[in-house]
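*Asks:* PDB, C-alpha atoms and all ligand atoms, saved as my_file.pdb, coming up:
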ATOM      1  CA  MET A   1     -15.579  33.278 -48.100
ATOM      2  CA  GLN A   2     -12.675  32.521 -45.855
ATOM      3  CA  VAL A   3     -13.477  30.955 -42.517
ATOM      4  CA  ALA A   4     -11.157  31.755 -39.624
ATOM      5  CA  THR A   5     -10.078  28.605 -37.842
ATOM      6  CA  MET A   6      -8.293  28.202 -34.570
ATOM      7  CA  PRO A   7      -4.914  26.503 -34.998
ATOM      8  CA  GLN A   8      -5.443  22.863 -34.067
ATOM      9  CA  PRO A   9      -3.037  21.350 -31.548
ATOM     10  CA  ASP A  10      -0.968  18.566 -33.042
ATOM     11  CA  SER A  11      -0.921  15.123 -31.451
ATOM     12  CA  SER A  12       2.192  15.730 -29.364
ATOM     13  CA  GLU A  13       0.619  18.881 -27.938
ATOM     14  CA  ILE A  14      -2.524  16.947 -27.022
ATOM     15  CA  LEU A  15      -0.353  14.294 -25.392
ATOM     16  CA  ARG A  16       1.593  16.884 -23.409
ATOM     17  CA  ARG A  17      -1.558  18.554 -22.100
ATOM     18  CA  GLN A  18      -3.123  15.236 -21.189
ATOM     19  CA  TYR A  19       0.067  14.154 -19.415
ATOM     20  CA  ALA A  20       0.280  17.469 -17.529
ATOM     21  CA  GLU A  21      -3.298  16.977 -16.380
ATOM     22  CA  ASP A  22      -3.212  13.257 -15.469
ATOM     23  CA  GLY A  23       0.449  12.759 -14.551
ATOM     24  CA  PHE A  24       0.667   9.706 -16.775
ATOM     25  CA  CYS A  25      -0.047   8.475 -20.258
ATOM     26  CA  HIS A  26      -0.519   5.083 -21.845
ATOM     27  CA  LEU A  27       0.737   4.881 -25.418
ATOM     28  CA  PRO A  28      -0.497   1.712 -27.131
ATOM     29  CA  ASP A  29       1.691  -0.045 -29.722
ATOM     30  CA  PHE A  30       4.613   2.273 -29.102
ATOM     31  CA  PHE A  31       7.418  -0.263 -29.569
ATOM     32  CA  PRO A  32       7.857  -2.774 -32.386
ATOM     33  CA  LEU A  33       7.029  -6.192 -30.937
ATOM     34  CA  ASP A  34      10.287  -7.696 -32.170
ATOM     35  CA  GLU A  35      12.256  -5.211 -30.026
ATOM     36  CA  ILE A  36      10.269  -6.195 -26.951
ATOM     37  CA  GLN A  37      10.626  -9.880 -27.804
ATOM     38  CA  GLN A  38      14.385  -9.470 -28.158
ATOM     39  CA  ILE A  39      14.652  -7.916 -24.702
ATOM     40  CA  TYR A  40      12.508 -10.650 -23.215
ATOM     41  CA  ASP A  41      14.588 -13.397 -24.871
ATOM     42  CA  ASP A  42      17.865 -11.729 -23.847
ATOM     43  CA  GLU A  43      16.700 -11.596 -20.233
ATOM     44  CA  MET A  44      15.563 -15.207 -20.265
ATOM     45  CA  GLU A  45      18.848 -16.334 -21.793
ATOM     46  CA  LEU A  46      20.639 -14.941 -18.725
ATOM     47  CA  PHE A  47      18.549 -17.106 -16.424
ATOM     48  CA  ALA A  48      19.102 -20.038 -18.806
ATOM     49  CA  TYR A  49      22.916 -19.809 -18.483
ATOM     50  CA  GLN A  50      22.515 -20.299 -14.749
ATOM     51  CA  LEU A  51      19.954 -23.093 -15.141
ATOM     52  CA  ARG A  52      22.355 -24.950 -17.450
ATOM     53  CA  ARG A  53      25.213 -24.528 -14.995
ATOM     54  CA  HIS A  54      23.094 -26.301 -12.401
ATOM     55  CA  GLY A  55      21.876 -28.948 -14.850
ATOM     56  CA  ILE A  56      18.284 -27.859 -14.302
ATOM     57  CA  PRO A  57      16.051 -28.791 -17.252
ATOM     58  CA  GLU A  58      14.811 -25.717 -19.102
ATOM     59  CA  ALA A  59      11.215 -25.167 -20.070
ATOM     60  CA  ASP A  60      10.112 -22.992 -23.007
ATOM     61  CA  TRP A  61      10.348 -19.473 -21.589
ATOM     62  CA  ARG A  62       7.932 -18.080 -24.167
ATOM     63  CA  ASP A  63       5.212 -20.114 -22.503
ATOM     64  CA  PRO A  64       3.971 -18.487 -19.256
ATOM     65  CA  ALA A  65       4.144 -21.804 -17.388
ATOM     66  CA  GLY A  66       7.666 -22.442 -18.726
ATOM     67  CA  LEU A  67       8.828 -18.968 -17.737
ATOM     68  CA  SER A  68       7.433 -19.462 -14.275
ATOM     69  CA  SER A  69       9.012 -22.885 -13.809
ATOM     70  CA  ASN A  70      12.448 -21.724 -15.074
ATOM     71  CA  LEU A  71      12.619 -18.740 -12.765
ATOM     72  CA  ARG A  72      11.263 -20.600  -9.778
ATOM     73  CA  ALA A  73      13.627 -23.519 -10.315
ATOM     74  CA  LEU A  74      16.642 -21.222 -10.321
ATOM     75  CA  PHE A  75      15.306 -19.136  -7.423
ATOM     76  CA  ASN A  76      14.776 -22.266  -5.318
ATOM     77  CA  THR A  77      18.103 -23.875  -6.252
ATOM     78  CA  ASP A  78      20.493 -20.939  -6.091
ATOM     79  CA  MET A  79      19.132 -17.577  -5.067
ATOM     80  CA  GLU A  80      22.495 -15.884  -5.665
ATOM     81  CA  ALA A  81      22.420 -17.066  -9.271
ATOM     82  CA  TYR A  82      18.825 -15.938  -9.666
ATOM     83  CA  LEU A  83      19.666 -12.495  -8.284
ATOM     84  CA  GLY A  84      22.816 -12.339 -10.402
ATOM     85  CA  ALA A  85      20.826 -13.023 -13.575
ATOM     86  CA  ALA A  86      18.143 -10.528 -12.566
ATOM     87  CA  ARG A  87      20.810  -7.897 -11.872
ATOM     88  CA  GLN A  88      22.615  -8.684 -15.095
ATOM     89  CA  SER A  89      19.454  -8.058 -17.081
ATOM     90  CA  GLN A  90      19.816  -4.356 -16.276
ATOM     91  CA  LEU A  91      22.915  -4.284 -18.440
ATOM     92  CA  LEU A  92      21.616  -5.802 -21.654
ATOM     93  CA  PRO A  93      22.395  -3.858 -24.834
ATOM     94  CA  SER A  94      18.861  -4.441 -26.130
ATOM     95  CA  ILE A  95      17.458  -2.568 -23.123
ATOM     96  CA  HIS A  96      20.006   0.199 -23.421
ATOM     97  CA  ASN A  97      19.236   0.546 -27.133
ATOM     98  CA  LEU A  98      15.594   1.013 -26.348
ATOM     99  CA  THR A  99      16.409   3.436 -23.505
ATOM    100  CA  THR A 100      18.217   5.737 -25.892
ATOM    101  CA  SER A 101      16.159   5.109 -29.033
ATOM    102  CA  PRO A 102      15.209   8.211 -31.034
ATOM    103  CA  LYS A 103      11.476   7.552 -30.635
ATOM    104  CA  VAL A 104      11.771   7.399 -26.838
ATOM    105  CA  VAL A 105      13.936  10.514 -26.670
ATOM    106  CA  GLU A 106      11.556  12.365 -29.000
ATOM    107  CA  THR A 107       8.566  11.378 -26.853
ATOM    108  CA  LEU A 108      10.339  12.627 -23.715
ATOM    109  CA  ARG A 109      10.974  15.932 -25.475
ATOM    110  CA  SER A 110       7.330  16.185 -26.431
ATOM    111  CA  LEU A 111       6.446  15.851 -22.719
ATOM    112  CA  GLY A 112       8.566  18.882 -21.921
ATOM    113  CA  LEU A 113      11.906  17.219 -21.150
ATOM    114  CA  GLU A 114      13.858  19.518 -23.396
ATOM    115  CA  ALA A 115      17.197  17.844 -22.627
ATOM    116  CA  PRO A 116      16.465  14.263 -21.552
ATOM    117  CA  VAL A 117      19.153  12.465 -19.552
ATOM    118  CA  VAL A 118      19.062   8.964 -18.089
ATOM    119  CA  SER A 119      18.587   9.068 -14.314
ATOM    120  CA  THR A 120      19.840   5.597 -13.408
ATOM    121  CA  LYS A 121      20.114   2.016 -14.641
ATOM    122  CA  PRO A 122      16.982   0.350 -15.955
ATOM    123  CA  VAL A 123      15.072  -1.756 -13.440
ATOM    124  CA  CYS A 124      13.817  -5.181 -14.527
ATOM    125  CA  HIS A 125      10.817  -6.564 -12.679
ATOM    126  CA  TYR A 126      10.100 -10.291 -12.290
ATOM    127  CA  THR A 127       6.964 -10.255 -10.230
ATOM    128  CA  THR A 128       5.101 -13.121  -8.622
ATOM    129  CA  GLU A 129       4.617 -14.263  -5.042
ATOM    130  CA  ALA A 130       6.946 -17.280  -5.360
ATOM    131  CA  LEU A 131       9.904 -15.044  -6.309
ATOM    132  CA  THR A 132       9.818 -12.950  -3.144
ATOM    133  CA  ILE A 133      13.248 -12.732  -1.506
ATOM    134  CA  PRO A 134      12.954 -13.690   2.179
ATOM    135  CA  GLY A 135      12.592 -10.504   4.173
ATOM    136  CA  GLY A 136      12.101  -8.557   0.950
ATOM    137  CA  TYR A 137       9.146  -7.388  -1.057
ATOM    138  CA  ASN A 138       8.456  -8.309  -4.648
ATOM    139  CA  ARG A 139       5.892  -5.597  -5.251
ATOM    140  CA  THR A 140       5.948  -1.890  -4.536
ATOM    141  CA  PRO A 141       3.846  -0.109  -1.898
ATOM    142  CA  PRO A 142       2.251   3.238  -2.819
ATOM    143  CA  HIS A 143       5.172   5.475  -3.774
ATOM    144  CA  GLN A 144       6.413   8.329  -5.917
ATOM    145  CA  ASP A 145       9.558   7.673  -7.888
ATOM    146  CA  TRP A 146      10.774  11.230  -7.505
ATOM    147  CA  ARG A 147      11.719  10.397  -3.926
ATOM    148  CA  SER A 148      14.294   7.894  -5.149
ATOM    149  CA  MET A 149      15.320   9.848  -8.261
ATOM    150  CA  GLN A 150      15.539  13.365  -6.789
ATOM    151  CA  GLY A 151      16.436  14.799 -10.149
ATOM    152  CA  SER A 152      14.538  17.314 -12.258
ATOM    153  CA  LEU A 153      11.005  18.238 -11.209
ATOM    154  CA  ASP A 154       9.738  16.945 -14.537
ATOM    155  CA  GLY A 155      11.569  13.591 -14.264
ATOM    156  CA  VAL A 156       9.625  10.613 -15.581
ATOM    157  CA  VAL A 157       9.466   6.851 -15.340
ATOM    158  CA  LEU A 158       8.754   4.733 -18.383
ATOM    159  CA  TRP A 159       7.021   1.519 -17.414
ATOM    160  CA  ILE A 160       7.250  -1.121 -20.121
ATOM    161  CA  PRO A 161       5.623  -4.553 -19.909
ATOM    162  CA  LEU A 162       7.374  -7.425 -21.682
ATOM    163  CA  ILE A 163       4.213  -9.529 -21.527
ATOM    164  CA  ASP A 164       0.543  -8.598 -21.892
ATOM    165  CA  ILE A 165      -0.763  -7.303 -18.576
ATOM    166  CA  ASP A 166      -4.150  -8.555 -17.425
ATOM    167  CA  GLU A 167      -6.151  -8.452 -14.186
ATOM    168  CA  LEU A 168      -3.999 -11.170 -12.627
ATOM    169  CA  SER A 169      -0.522 -10.051 -13.644
ATOM    170  CA  TYR A 170       0.168  -7.749 -10.727
ATOM    171  CA  PRO A 171      -0.774  -4.637 -12.705
ATOM    172  CA  VAL A 172       0.597  -1.269 -11.712
ATOM    173  CA  GLU A 173      -2.086   0.850 -10.073
ATOM    174  CA  ILE A 174      -1.950   4.609 -10.286
ATOM    175  CA  ILE A 175      -3.812   7.596  -8.916
ATOM    176  CA  PRO A 176      -4.556   9.886 -11.849
ATOM    177  CA  GLY A 177      -3.774  13.497 -11.011
ATOM    178  CA  SER A 178      -1.807  12.633  -7.844
ATOM    179  CA  HIS A 179       1.336  14.216  -9.303
ATOM    180  CA  LYS A 180      -0.210  17.569  -8.452
ATOM    181  CA  LEU A 181       0.135  16.775  -4.739
ATOM    182  CA  GLY A 182       3.865  17.345  -5.064
ATOM    183  CA  LEU A 183       6.034  15.302  -2.743
ATOM    184  CA  ALA A 184       3.737  13.276  -0.476
ATOM    185  CA  LYS A 185       4.500  12.175   3.076
ATOM    186  CA  THR A 186       5.958   8.714   3.530
ATOM    187  CA  VAL A 187       6.760   6.118   6.150
ATOM    188  CA  PRO A 188       9.637   3.626   5.926
ATOM    189  CA  HIS A 189       9.033   0.401   4.037
ATOM    190  CA  VAL A 190      11.345  -2.492   3.181
ATOM    191  CA  SER A 191      10.934  -1.811  -0.545
ATOM    192  CA  THR A 192      10.829   1.976  -0.930
ATOM    193  CA  PRO A 193       9.408   4.798   1.242
ATOM    194  CA  MET A 194       5.657   4.223   1.320
ATOM    195  CA  VAL A 195       3.269   7.094   0.732
ATOM    196  CA  MET A 196       1.172   7.637   3.830
ATOM    197  CA  ASP A 197      -0.573  10.932   3.312
ATOM    198  CA  GLU A 198      -4.066  12.062   4.262
ATOM    199  CA  ARG A 199      -4.582  13.268   0.689
ATOM    200  CA  VAL A 200      -4.016   9.788  -0.770
ATOM    201  CA  ASN A 201      -6.824   7.228  -0.517
ATOM    202  CA  ASN A 202      -6.714   3.532  -1.204
ATOM    203  CA  ASP A 203      -9.919   3.781  -3.226
ATOM    204  CA  ASP A 204      -8.347   6.171  -5.715
ATOM    205  CA  PHE A 205      -5.971   3.659  -7.297
ATOM    206  CA  VAL A 206      -6.831   2.448 -10.792
ATOM    207  CA  PRO A 207      -5.024  -0.428 -12.541
ATOM    208  CA  ALA A 208      -3.357  -0.103 -15.928
ATOM    209  CA  TYR A 209      -3.463  -3.011 -18.372
ATOM    210  CA  PRO A 210      -0.884  -2.245 -21.048
ATOM    211  CA  LYS A 211      -0.011  -4.913 -23.598
ATOM    212  CA  ARG A 212       3.361  -5.915 -24.981
ATOM    213  CA  GLY A 213       4.572  -3.055 -27.167
ATOM    214  CA  ASP A 214       2.741  -0.419 -25.114
ATOM    215  CA  LEU A 215       4.454   2.295 -23.134
ATOM    216  CA  VAL A 216       3.225   3.814 -19.884
ATOM    217  CA  ILE A 217       4.796   7.095 -18.811
ATOM    218  CA  LEU A 218       4.521   8.271 -15.216
ATOM    219  CA  SER A 219       5.501  11.597 -13.722
ATOM    220  CA  GLY A 220       8.024  11.110 -10.918
ATOM    221  CA  PHE A 221       5.332  12.512  -8.631
ATOM    222  CA  LEU A 222       2.498  10.201  -9.656
ATOM    223  CA  VAL A 223       1.493   7.968  -6.745
ATOM    224  CA  HIS A 224       1.461   4.323  -7.861
ATOM    225  CA  ARG A 225       1.902   0.811  -6.496
ATOM    226  CA  THR A 226       1.922  -2.819  -7.561
ATOM    227  CA  SER A 227      -1.448  -4.509  -7.308
ATOM    228  CA  ASP A 228      -1.787  -7.629  -5.123
ATOM    229  CA  ALA A 229      -3.840  -9.179  -7.900
ATOM    230  CA  GLY A 230      -1.615 -11.811  -9.425
ATOM    231  CA  ASP A 231      -1.278 -15.527  -9.954
ATOM    232  CA  GLU A 232       1.621 -17.948 -10.357
ATOM    233  CA  ARG A 233       2.645 -16.471 -13.724
ATOM    234  CA  VAL A 234       5.671 -14.196 -13.628
ATOM    235  CA  ARG A 235       4.944 -10.644 -14.681
ATOM    236  CA  VAL A 236       7.951  -9.350 -16.603
ATOM    237  CA  ALA A 237       8.338  -5.601 -17.026
ATOM    238  CA  MET A 238      10.969  -2.914 -16.831
ATOM    239  CA  SER A 239      11.136   0.697 -15.838
ATOM    240  CA  LEU A 240      13.403   3.422 -17.168
ATOM    241  CA  ARG A 241      14.026   6.752 -15.497
ATOM    242  CA  TYR A 242      14.910  10.111 -17.010
ATOM    243  CA  ASN A 243      15.551  13.664 -15.922
ATOM    244  CA  ASN A 244      15.548  16.898 -17.859
ATOM    245  CA  ALA A 245      18.943  18.623 -17.790
ATOM    246  CA  ALA A 246      17.254  21.851 -18.884
ATOM    247  CA  GLU A 247      14.964  22.077 -15.840
ATOM    248  CA  PRO A 248      15.926  25.200 -13.821
ATOM    249  CA  ALA A 249      15.802  23.686 -10.289
ATOM    250  CA  TYR A 250      17.883  20.725 -11.444
ATOM    251  CA  ILE A 251      20.445  23.068 -12.973
ATOM    252  CA  GLU A 252      20.381  25.221  -9.822
ATOM    253  CA  HIS A 253      21.178  22.176  -7.666
ATOM    254  CA  ALA A 254      24.034  21.232 -10.020
ATOM    255  CA  PHE A 255      22.448  18.002 -11.322
ATOM    256  CA  PRO A 256      22.446  16.092  -8.002
ATOM    257  CA  THR A 257      21.833  12.352  -7.710
ATOM    258  CA  PRO A 258      20.937  10.175  -4.712
ATOM    259  CA  TYR A 259      22.230   7.035  -6.453
ATOM    260  CA  THR A 260      25.641   5.825  -5.400
ATOM    261  CA  TYR A 261      27.915   3.695  -7.533
ATOM    262  CA  SER A 262      31.124   2.230  -6.274
ATOM    263  CA  TYR A 263      33.145  -0.968  -6.406
ATOM    264  CA  GLN A 264      34.834  -3.325  -4.049
ATOM    265  CA  LEU A 265      38.620  -3.181  -4.126
ATOM    266  CA  GLU A 266      39.252  -6.776  -2.998
ATOM    267  CA  LEU A 267      39.124  -9.688  -5.415
ATOM    268  CA  LEU A 268      35.736 -11.411  -5.290
ATOM    269  CA  PHE A 269      37.204 -14.933  -5.584
ATOM    270  CA  GLU A 270      40.571 -15.836  -4.156
ATOM    271  CA  ASN A 271      43.127 -16.990  -6.755
ATOM    272  CA  PHE A 272      40.782 -16.202  -9.594
ATOM    273  CA  PRO A 273      41.665 -15.915 -12.374
ATOM    274  CA  ALA A 274      44.647 -18.260 -12.434
ATOM    275  CA  LYS A 275      47.261 -17.539 -15.095
ATOM    276  CA  ASN A 276      46.318 -20.536 -17.235
ATOM    277  CA  GLN A 277      42.636 -19.576 -17.251
ATOM    278  CA  VAL A 278      43.398 -16.307 -18.982
ATOM    279  CA  ARG A 279      45.891 -17.926 -21.354
ATOM    280  CA  ASP A 280      43.439 -20.721 -22.229
ATOM    281  CA  MET A 281      40.686 -18.247 -22.893
ATOM    282  CA  PHE A 282      42.807 -16.335 -25.408
ATOM    283  CA  SER A 283      44.103 -19.564 -26.959
ATOM    284  CA  ALA A 284      40.519 -20.645 -27.541
ATOM    285  CA  LEU A 285      39.750 -17.256 -29.035
ATOM    286  CA  ALA A 286      42.703 -17.546 -31.398
ATOM    287  CA  SER A 287      41.859 -21.053 -32.575
TER
HETATM  288  O1  LIG B   1       6.451  -2.930 -11.670
HETATM  289  C1  LIG B   1       5.848  -2.530 -10.675
HETATM  290  O2  LIG B   1       4.947  -3.157 -10.159
HETATM  291  C2  LIG B   1       6.148  -1.191 -10.090
HETATM  292  C3  LIG B   1       7.402  -0.649 -10.566
HETATM  293  C4  LIG B   1       7.652   0.719 -10.115
HETATM  294  O3  LIG B   1       6.902   1.334  -9.457
HETATM  295  C5  LIG B   1       8.889   1.341 -10.529
HETATM  296  O4  LIG B   1       9.711   0.711 -11.187
HETATM  297  O5  LIG B   1       9.064   2.495 -10.189
HETATM  298 FE    FE B   2       7.619   3.358  -9.184
END
Can the structure in the file be given as structure tokens, please?

*Replies:*
Amino acid sequence: MQVATMPQPDSSEILRRQYAEDGFCHLPDFFPLDEIQQIYDDEMELFAYQLRRHGIPEADWRDPAGLSSNLRALFNTDMEAYLGAARQSQLLPSIHNLTTSPKVVETLRSLGLEAPVVSTKPVCHYTTEALTIPGGYNRTPPHQDWRSMQGSLDGVVLWIPLIDIDELSYPVEIIPGSHKLGLAKTVPHVSTPMVMDERVNNDDFVPAYPKRGDLVILSGFLVHRTSDAGDERVRVAMSLRYNNAAEPAYIEHAFPTPYTYSYQLELLFENFPAKNQVRDMFSALAS
């Protein structure tokens, strides 16, 4: 006798429904560890170039204490150099490869982003109290990323730890289901507009503890923040943002963006580069 069975949803359908319900998902072991390690090493190499320039002894950056002492040493010696290295890390090919990797793009599609497009540059996070820029903020207050992205309604943030996250590594805290609030009310904050809305309670935040290789996906509307719970170790993570070019409201608004990108017309350093510097560089290349 034939038994009628309901068609079973496949795993990407289950994921999509879960994501639609919760506003986030945590995908364990999503990335090969060597890809994550490569990104981590590439980032640390940038800080190392600046440490070497200053003659600061380098510690082993794969050791949490070494990582912390390298970054703090540079931060305390030359904040411009620290910020330059941190900024430069946004432009690493290894990060851009991961941003556009087929598995990531496929996963975005499975969450309903029919035509995924990158919203803005990746953001690299180096989080610990000692690396707070004076007058700045090293963590994020409760916020929704859609307010800064202002792209498609189904825009997402991928949050990717480069180290294992535990209770004391400034975990990201989220409010499951808060994406359904839509755009929440905010007040100004030095870091990013802070959600201050009667529908959002402090007690509703829950921390996420993804490990290296895991992927956490957040709806642009999910309310989240950085936990205060951290120690002297540096928490290294990055976030990637995407929109869906096929989303009707985004099309209707002609693919707007709040991000501005421009450049300064004046030379940054007077008399640089001198003629011989360019010639010497190419001579060295030819030798
Ligand atoms: O890394 C964090 O603590 C928060 C990052 C975040 O909210 C973001 O990148 O949008
Ligand atoms: Fe965020």

*Asks:* Give the answer as one residue: which of A:Leu46, A:Ile36, A:Met238, A:Leu92 has the shortest atom-to-atom distance to ligand LIG 1 (chain B), using all atoms listed in the file?

*Replies:* A:Met238

*Asks:* Please write as a ChimeraX atom specification the full residue list that the PyMOL selection byres (((chain A and resi 160-176) around 7) and not hetatm) yields on this file.

*Replies:* /A:22-23,36,40,158-159,177-178,204-212,214-216,222-231,235-239

*Asks:* Which centre and edge lengths in Å to one decimal define the box along x, y and z that fits every listed atom of ligand LIG 1 (chain B) plus 3 Å per side, as JSON?

*Replies:*
{"center_x": 7.3, "center_y": -0.3, "center_z": -10.6, "size_x": 10.8, "size_y": 11.7, "size_z": 8.2}

*Asks:* Work out how far CA of Ile217 (chain A) is from CA of Cys25 (chain A), in Å to one decimal.

*Replies:*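 Going from CA of Cys25 (chain A) over to CA of Ile217 (chain A), I get 5.2 Å.
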
*Asks:* To one decimal in Å, tell me the separation between CA of Glu80 (chain A) and CA of Gly55 (chain A).

*Replies:*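 Between CA of Glu80 (chain A) and CA of Gly55 (chain A) the gap works out to 16.0 Å.
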
*Asks:* Within 10 Å of (18.3, -22.9, -15.0) in the file's own coordinates, which protein, DNA or RNA residues have an atom, counting only C-alpha atoms? List them as a PDB file with C-alpha atoms, keeping the file's coordinate frame.

*Replies:*
ATOM      1  CA  MET A  44      15.563 -15.207 -20.265  1.00  0.00           C
ATOM      2  CA  GLU A  45      18.848 -16.334 -21.793  1.00  0.00           C
ATOM      3  CA  LEU A  46      20.639 -14.941 -18.725  1.00  0.00           C
ATOM      4  CA  PHE A  47      18.549 -17.106 -16.424  1.00  0.00           C
ATOM      5  CA  ALA A  48      19.102 -20.038 -18.806  1.00  0.00           C
ATOM      6  CA  TYR A  49      22.916 -19.809 -18.483  1.00  0.00           C
ATOM      7  CA  GLN A  50      22.515 -20.299 -14.749  1.00  0.00           C
ATOM      8  CA  LEU A  51      19.954 -23.093 -15.141  1.00  0.00           C
ATOM      9  CA  ARG A  52      22.355 -24.950 -17.450  1.00  0.00           C
ATOM     10  CA  ARG A  53      25.213 -24.528 -14.995  1.00  0.00           C
ATOM     11  CA  HIS A  54      23.094 -26.301 -12.401  1.00  0.00           C
ATOM     12  CA  GLY A  55      21.876 -28.948 -14.850  1.00  0.00           C
ATOM     13  CA  ILE A  56      18.284 -27.859 -14.302  1.00  0.00           C
ATOM     14  CA  PRO A  57      16.051 -28.791 -17.252  1.00  0.00           C
ATOM     15  CA  GLU A  58      14.811 -25.717 -19.102  1.00  0.00           C
ATOM     16  CA  ALA A  59      11.215 -25.167 -20.070  1.00  0.00           C
ATOM     17  CA  SER A  69       9.012 -22.885 -13.809  1.00  0.00           C
ATOM     18  CA  ASN A  70      12.448 -21.724 -15.074  1.00  0.00           C
ATOM     19  CA  LEU A  71      12.619 -18.740 -12.765  1.00  0.00           C
ATOM     20  CA  ARG A  72      11.263 -20.600  -9.778  1.00  0.00           C
ATOM     21  CA  ALA A  73      13.627 -23.519 -10.315  1.00  0.00           C
ATOM     22  CA  LEU A  74      16.642 -21.222 -10.321  1.00  0.00           C
ATOM     23  CA  PHE A  75      15.306 -19.136  -7.423  1.00  0.00           C
ATOM     24  CA  THR A  77      18.103 -23.875  -6.252  1.00  0.00           C
ATOM     25  CA  ASP A  78      20.493 -20.939  -6.091  1.00  0.00           C
ATOM     26  CA  ALA A  81      22.420 -17.066  -9.271  1.00  0.00           C
ATOM     27  CA  TYR A  82      18.825 -15.938  -9.666  1.00  0.00           C
TER      28      TYR A  82
END

*Asks:* Using the chain letters and numbers from the file, which residues does the PyMOL selection byres (((chain A and resi 108-110) around 10) and not hetatm) grab, as a ChimeraX atom specification?

*Replies:* /A:11-16,102-107,111-117,155-156,158,217,242-244

*Asks:* Expressed in Å to a single decimal, how great is the separation between CA of Val234 (chain A) and CA of Ile95 (chain A)?

*Replies:*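 Straight-line distance from CA of Val234 (chain A) to CA of Ile95 (chain A) works out to 19.1 Å.
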
*Asks:* Got a sec: who's within 7 Å of region 187-196 of chain A, counting all atoms listed in the file, leaving out chain neighbours fewer than 2 positions off, as a list in words?

*Replies:*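 What passes the distance filter is Gly136, Tyr137, Thr140, Pro141, Pro142, His143, Ala184, Lys185 and Glu198 of chain A.
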
*Asks:* Step by step, work through what the PyMOL selection byres (((chain A and resi 150) around 10) and not hetatm) selects in the shown file, and finish by giving those residues as a VMD selection string.

*Replies:* chain A and resid 119 145 to 149 151 to 153 155 220 243 250 255 to 259

*Asks:* Go through A:Val123, A:Leu267, A:Ala245, A:Ala286 one by one, measure the shortest atom-to-atom distance of each to ligand LIG 1 (chain B) using only C-alpha atoms and all ligand atoms, and give the residue with the smallest value.

*Replies:*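 Under the stated criterion, the closest residue is A:Val123.
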
*Asks:* I need the residue nearest ligand FE 2 (chain B) from this list: A:Pro273, A:Pro32, A:Pro7, A:Pro122. Use all atoms listed in the file for the distance.

*Replies:*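 Checking each candidate against ligand FE 2 (chain B), we get A:Pro122 as the closest.
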
*Asks:* For ligand LIG 1 (chain B), which of A:Thr127, A:Gln264, A:Thr132, A:Thr120 is the closest residue, counting all atoms listed in the file?

*Replies:*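 With all atoms listed in the file as the atom set, the closest residue is A:Thr127.
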